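Report on one structure; see the data block that follows.
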Amino acid sequence: MSPRVHAFGDDALGDLDAVGVAERIRAGSLSAREATEAAIVRAEAVDAELNGFVVRDFERALTRADTAPRGRLGGVPSVVKDNTDVAGLPTRQGSLAVPATAAETDAAFTTQLRSTGLVVLGKSTMPEFGFNATTEFEHLPPTRNPWDPEFSSGASSGGAAALVASGVLPIAHANDGGGSIRIPAAACGLVGLKPTRDRMAQAAEAATMPVDIVSNGVVTRSVRDTAAFLAAAEEHRPAPHLPHVGLVEGPSSRRLRIGLVMDSLVGPPDAQTRDTVLATATLLQELGHEVVEIDLPVMDSFKDAFTHYWSLLAFSTHRFGKRVMHPQFDADRTDPLTQWLSGRFLRNAWRTPGALRTLKRSEQVYRQHLAAAGLDLALSPVLGHVTPRLGHLSPTVPFPEMFERLVRYVAYTPLHNACGAPGISLPLATTDAGLPLGIHLSAFHGDERTLLEIAYELEDARPFARIQD
């Protein structure tokens, strides 16, 4: 018997992706209310097991659906992640340390998301402050992977990924500060595009970060949904100082030179991941692209710099939460990972200037490395190994063992957060355990178009596995 948990069925949403739902709504064969009602029924059928919602806002969602939302994705049900304000709902950042106080206004990105026509059904789960790569908690049930509930859904946008992969929603907000769009996309068999820095409206935390590593976006089940959302969001807020992307509707005839990166700064990936990336390189060559091996486009000091910055963010949250989070922030209720990272920073605070210099220089190093090799894109694993079972990265695992596991797992994606380049995770394979396995492609700053074009081509050549099959 398959362990898969999904809500796909013969209802108003069927097997449709977000573009398909929006097209039916525009054609009048489906109403936004019917789509929202179907999503609610689906949530009630599977979310008790998956735990993808942290806050439900179903009644207000139905009211909004009745107003016939306009936009490229008008009437399509979705959610916002729990680190982004939605007026009338609490933003707890996945933490019991933050009180459940309703936000007074929408965040800038929430406004951008609503401009596309999406109907917000509530808030999705995330690990505390997004510091972990699995959506697990010290005192609360974990968010489970719909492909097998004994496995992690990834993080930090783990709730969003679980809801989309299980068919509750066609599309969901996600954001990425170290891989948090691409990691859950890889774990749950989704498309996860981390846009170029500043492509989307910034996260609220960006203003106080010495290096802005967070990019907003979505997780979806199809390349066209990701492309449609990007185009719609761009119509609301054209990105300053970046090339216009527009609506990308298919692959390009242009053949590319692609750099193959296999090893991370912490070593090679596991065998299944390696084989999948090599198979993708072969497929790209068969499609007429040139693939050449390259080193990781980053300095050797990058791993230590990023892990130190990770610790700095935890320290800032833990020690100054009353100022940066909420006046009633309770540091004693933070989980062991946050507390350990905070202490780690204190022991190594003297490293901060050098770490910040390394991270700020990473953009130049990345650009120069790709340009010197004459590349258009880089191909690599998303993660250091296949999706782990729940418990492997739990914040209750003793430290520093848990942190070492985390660094080994999240070995590739943080580079693009530090340097600001776009990257995309595509679900091109499945593991021996039957879970999705993603590959990663990255591009020059502002070149989401090329990423989407190659994503369409790969999706057509190797259709993504469907959980309902």
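In the structure tokens, chains take the letters A, B, ... in the order shown, each chain's residues start at 1, and ligands count up from 1 in the order shown.
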Please provide the set of residues having any atom within 9 Å of A:Asp295, restricted to only C-alpha atoms, with same-chain residues fewer than 2 positions apart removed, written as a list in words.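 My list of contacting residues is Gly259, Leu260, Val261, Met262, Asp263, Ser264, Glu293, Pro297, Val298 and His369 of chain A.
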Using only C-alpha atoms, what table do you get, as a Markdown table, when you list each residue of stretch 325-382 of chain A with an atom no more than 6 Å from stretch 430-446 of chain A, its nearest pair of atoms, and their distance in Å rounded to one decimal, rows by chain then rising number?
| residue | atom | partner | partner_atom | distance |
| --- | --- | --- | --- | --- |
| A:Leu377 | CA | A:Ala443 | CA | 4.7 |
| A:Ala378 | CA | A:Ser442 | CA | 5.2 |
| A:Leu379 | CA | A:Leu441 | CA | 4.6 |
| A:Ser380 | CA | A:His440 | CA | 5.2 |
| A:Pro381 | CA | A:Ile439 | CA | 5.0 |
| A:Val382 | CA | A:His440 | CA | 5.0 |
Taking the DSSP assignment computed from this structure's backbone, write out as number ranges by chain all residues of stretch 42-284 of chain A that belong to strand (DSSP E). A: 53-56, 77-81, 119-124, 144-145, 148-152, 171-176, 191-194, 215-220, 257-260
Contacts of stretch 63-178 of chain A with stretch 301-322 of chain A up to 12 Å, shortest pair per row, only C-alpha atoms, as JSON lines:
{"residue": "A:Arg92", "atom": "CA", "partner": "A:Gly321", "partner_atom": "CA", "distance": 11.8}
{"residue": "A:Gln93", "atom": "CA", "partner": "A:Thr317", "partner_atom": "CA", "distance": 10.9}
{"residue": "A:Ser95", "atom": "CA", "partner": "A:Thr317", "partner_atom": "CA", "distance": 11.2}
{"residue": "A:Ala97", "atom": "CA", "partner": "A:Gly321", "partner_atom": "CA", "distance": 8.8}
{"residue": "A:Val98", "atom": "CA", "partner": "A:Gly321", "partner_atom": "CA", "distance": 8.5}
{"residue": "A:Pro99", "atom": "CA", "partner": "A:Lys322", "partner_atom": "CA", "distance": 10.8}
{"residue": "A:Glu128", "atom": "CA", "partner": "A:Ala314", "partner_atom": "CA", "distance": 10.1}
{"residue": "A:Phe129", "atom": "CA", "partner": "A:Ala314", "partner_atom": "CA", "distance": 8.2}
{"residue": "A:Gly130", "atom": "CA", "partner": "A:Ala314", "partner_atom": "CA", "distance": 9.9}
{"residue": "A:Phe131", "atom": "CA", "partner": "A:Trp310", "partner_atom": "CA", "distance": 7.6}
{"residue": "A:Asn132", "atom": "CA", "partner": "A:Trp310", "partner_atom": "CA", "distance": 10.3}
{"residue": "A:Gly177", "atom": "CA", "partner": "A:Trp310", "partner_atom": "CA", "distance": 9.6}
{"residue": "A:Gly178", "atom": "CA", "partner": "A:Trp310", "partner_atom": "CA", "distance": 9.0}
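Put simply, atom CA of A:Leu265 is 14.0 Å away from atom CA of A:Arg405.
Proximity of A:Ala185, A:Leu278, A:Val76, A:Val168 to A:Gly20, computed with only C-alpha atoms, is greatest for A:Val76.
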Mind checking DSSP for stretch 29-160 of chain A and telling me the alpha helix (DSSP H) residues as an MDAnalysis selection string? chainID A and resid 32:50 58:65 108:115 158:160
Atoms kept (N, CA and C atoms) for selection, written as a tab-separated table (two decimals), in the first residue's frame:
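Result written to selection-v1.tsv:
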chain	number	residue	atom	x	y	z
A	32	ALA	N	-14.65	31.41	-8.40
A	32	ALA	CA	-13.60	31.50	-7.39
A	32	ALA	C	-14.07	30.88	-6.08
A	33	ARG	N	-15.34	31.04	-5.75
A	33	ARG	CA	-15.87	30.42	-4.53
A	33	ARG	C	-15.80	28.90	-4.61
A	34	GLU	N	-16.16	28.34	-5.76
A	34	GLU	CA	-16.10	26.89	-5.91
A	34	GLU	C	-14.67	26.37	-5.76
A	35	ALA	N	-13.72	27.10	-6.33
A	35	ALA	CA	-12.32	26.70	-6.19
A	35	ALA	C	-11.87	26.77	-4.73
A	36	THR	N	-12.28	27.83	-4.04
A	36	THR	CA	-11.92	28.00	-2.63
A	36	THR	C	-12.59	26.93	-1.77
A	37	GLU	N	-13.84	26.67	-2.03
A	37	GLU	CA	-14.55	25.63	-1.27
A	37	GLU	C	-13.88	24.27	-1.46
A	38	ALA	N	-13.46	23.97	-2.68
A	38	ALA	CA	-12.81	22.69	-2.94
A	38	ALA	C	-11.48	22.60	-2.18
A	39	ALA	N	-10.74	23.70	-2.14
A	39	ALA	CA	-9.47	23.70	-1.41
A	39	ALA	C	-9.71	23.50	0.09
A	40	ILE	N	-10.77	24.10	0.61
A	40	ILE	CA	-11.09	23.94	2.03
A	40	ILE	C	-11.44	22.49	2.34
A	41	VAL	N	-12.25	21.87	1.50
A	41	VAL	CA	-12.61	20.46	1.69
A	41	VAL	C	-11.36	19.59	1.64
A	42	ARG	N	-10.49	19.88	0.71
A	42	ARG	CA	-9.24	19.11	0.61
A	42	ARG	C	-8.37	19.29	1.86
A	43	ALA	N	-8.28	20.52	2.34
A	43	ALA	CA	-7.50	20.77	3.54
A	43	ALA	C	-8.05	19.97	4.72
A	44	GLU	N	-9.36	19.96	4.85
A	44	GLU	CA	-9.98	19.24	5.96
A	44	GLU	C	-9.79	17.73	5.83
A	45	ALA	N	-9.57	17.26	4.61
A	45	ALA	CA	-9.40	15.82	4.40
A	45	ALA	C	-8.00	15.33	4.77
A	46	VAL	N	-6.98	16.16	4.53
A	46	VAL	CA	-5.61	15.64	4.70
A	46	VAL	C	-4.73	16.42	5.67
A	47	ASP	N	-5.12	17.63	6.05
A	47	ASP	CA	-4.18	18.44	6.81
A	47	ASP	C	-4.03	18.01	8.26
A	48	ALA	N	-4.98	17.27	8.79
A	48	ALA	CA	-4.79	16.75	10.15
A	48	ALA	C	-3.57	15.85	10.21
A	49	GLU	N	-3.27	15.17	9.10
A	49	GLU	CA	-2.09	14.31	9.05
A	49	GLU	C	-0.84	15.06	8.61
A	50	LEU	N	-1.00	15.96	7.65
A	50	LEU	CA	0.17	16.63	7.09
A	50	LEU	C	0.62	17.84	7.90
A	58	PHE	N	-10.51	30.48	6.58
A	58	PHE	CA	-11.38	30.00	5.52
A	58	PHE	C	-12.58	30.91	5.27
A	59	GLU	N	-13.19	31.42	6.34
A	59	GLU	CA	-14.39	32.25	6.14
A	59	GLU	C	-14.05	33.53	5.39
A	60	ARG	N	-12.97	34.18	5.77
A	60	ARG	CA	-12.58	35.40	5.05
A	60	ARG	C	-12.16	35.08	3.61
A	61	ALA	N	-11.57	33.92	3.41
A	61	ALA	CA	-11.19	33.52	2.06
A	61	ALA	C	-12.42	33.38	1.16
A	62	LEU	N	-13.48	32.80	1.70
A	62	LEU	CA	-14.72	32.66	0.92
A	62	LEU	C	-15.31	34.02	0.58
A	63	THR	N	-15.24	34.93	1.52
A	63	THR	CA	-15.74	36.28	1.27
A	63	THR	C	-14.93	36.95	0.17
A	64	ARG	N	-13.61	36.80	0.22
A	64	ARG	CA	-12.76	37.39	-0.82
A	64	ARG	C	-13.02	36.74	-2.17
A	65	ALA	N	-13.24	35.44	-2.16
A	65	ALA	CA	-13.51	34.75	-3.42
A	65	ALA	C	-14.78	35.28	-4.08
A	108	ALA	N	4.43	44.04	2.40
A	108	ALA	CA	4.55	44.47	1.02
A	108	ALA	C	4.43	43.29	0.06
A	109	PHE	N	5.02	42.15	0.42
A	109	PHE	CA	4.91	41.01	-0.49
A	109	PHE	C	3.51	40.43	-0.51
A	110	THR	N	2.81	40.44	0.62
A	110	THR	CA	1.43	39.97	0.63
A	110	THR	C	0.58	40.80	-0.33
A	111	THR	N	0.80	42.10	-0.34
A	111	THR	CA	0.10	42.97	-1.30
A	111	THR	C	0.45	42.57	-2.73
A	112	GLN	N	1.71	42.30	-2.98
A	112	GLN	CA	2.12	41.88	-4.31
A	112	GLN	C	1.48	40.54	-4.69
A	113	LEU	N	1.45	39.62	-3.74
A	113	LEU	CA	0.83	38.32	-3.99
A	113	LEU	C	-0.66	38.47	-4.29
A	114	ARG	N	-1.34	39.27	-3.50
A	114	ARG	CA	-2.78	39.46	-3.73
A	114	ARG	C	-3.04	40.11	-5.09
A	115	SER	N	-2.09	40.92	-5.58
A	115	SER	CA	-2.28	41.60	-6.86
A	115	SER	C	-2.39	40.61	-8.02
A	158	GLY	N	8.11	24.48	4.45
A	158	GLY	CA	7.65	23.10	4.45
A	158	GLY	C	6.15	22.95	4.41
A	159	GLY	N	5.43	23.82	5.12
A	159	GLY	CA	3.97	23.75	5.09
A	159	GLY	C	3.43	24.06	3.72
A	160	ALA	N	3.97	25.10	3.08
A	160	ALA	CA	3.55	25.46	1.73
A	160	ALA	C	3.75	24.29	0.78
Quick one: everything within 10 Å of A:Arg199, counting only C-alpha atoms, minus sequence neighbours fewer than 5 positions away in the same chain. Send it as JSON, numbers by chain. {"A": [194, 215, 216, 217, 230, 233, 234, 237, 238, 239, 240, 241, 242, 243, 244, 245, 420, 422, 445, 446, 448]}
If you count only C-alpha atoms, which residues fall within 7 Å of stretch 289-291 of chain A, apart from same-chain ones fewer than 2 positions away, as a PyMOL selection string? chain A and resi 255-260+281+284-285+287+293
Name all residues at most 9 Å from A:Tyr366 (count only C-alpha atoms; drop same-chain ones fewer than 5 positions away) and give them as an mmCIF file with N, CA and C atoms, in the first residue's frame.
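Written file, part-v1.cif:
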data_model
loop_
_atom_site.group_PDB
_atom_site.id
_atom_site.type_symbol
_atom_site.label_atom_id
_atom_site.label_comp_id
_atom_site.auth_asym_id
_atom_site.auth_seq_id
_atom_site.Cartn_x
_atom_site.Cartn_y
_atom_site.Cartn_z
ATOM 1 N N LEU A 296 32.684 24.645 -7.767
ATOM 2 C CA LEU A 296 31.667 25.485 -7.145
ATOM 3 C C LEU A 296 32.095 26.947 -7.221
ATOM 4 N N PRO A 297 31.240 27.831 -7.748
ATOM 5 C CA PRO A 297 31.651 29.235 -7.945
ATOM 6 C C PRO A 297 31.619 30.054 -6.660
ATOM 7 N N VAL A 298 32.514 29.704 -5.741
ATOM 8 C CA VAL A 298 32.511 30.354 -4.437
ATOM 9 C C VAL A 298 33.887 30.183 -3.789
ATOM 10 N N ARG A 361 31.266 39.687 -0.940
ATOM 11 C CA ARG A 361 32.118 39.463 -2.113
ATOM 12 C C ARG A 361 31.631 38.291 -2.960
ATOM 13 N N ALA A 371 31.260 33.738 -15.768
ATOM 14 C CA ALA A 371 31.648 34.466 -16.984
ATOM 15 C C ALA A 371 32.964 33.946 -17.540
ATOM 16 N N LEU A 415 24.605 29.566 -1.260
ATOM 17 C CA LEU A 415 25.405 30.433 -2.115
ATOM 18 C C LEU A 415 24.550 31.460 -2.834
ATOM 19 N N HIS A 416 23.424 31.038 -3.352
ATOM 20 C CA HIS A 416 22.599 31.925 -4.176
ATOM 21 C C HIS A 416 21.854 32.954 -3.328
ATOM 22 N N CYS A 419 24.880 35.551 -2.679
ATOM 23 C CA CYS A 419 25.298 36.304 -3.868
ATOM 24 C C CYS A 419 24.126 36.937 -4.593
ATOM 25 N N ALA A 421 21.903 35.551 -6.706
ATOM 26 C CA ALA A 421 21.560 35.012 -8.026
ATOM 27 C C ALA A 421 20.298 34.149 -7.959
ATOM 28 N N PHE A 444 22.805 33.865 -14.136
ATOM 29 C CA PHE A 444 23.285 35.198 -13.788
ATOM 30 C C PHE A 444 22.136 36.022 -13.191
#
Taking only C-alpha atoms into account, which of A:Ala461, A:Met299, A:Leu375, A:Val410 comes nearest A:Ser156?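 Selected residue with least distance to A:Ser156: A:Val410.
Counting only C-alpha atoms, the residue from A:Gly189, A:Arg224, A:Glu205, A:His385 that sits nearest to A:Asp270 is A:His385.
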Option closest in space to A:His173, from A:Leu193, A:Leu356, A:Leu247, A:Leu337 [counting only C-alpha atoms]: A:Leu193
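Between atom CA of A:Val219 and atom CA of A:Asn175 there is a distance of 9.1 Å.
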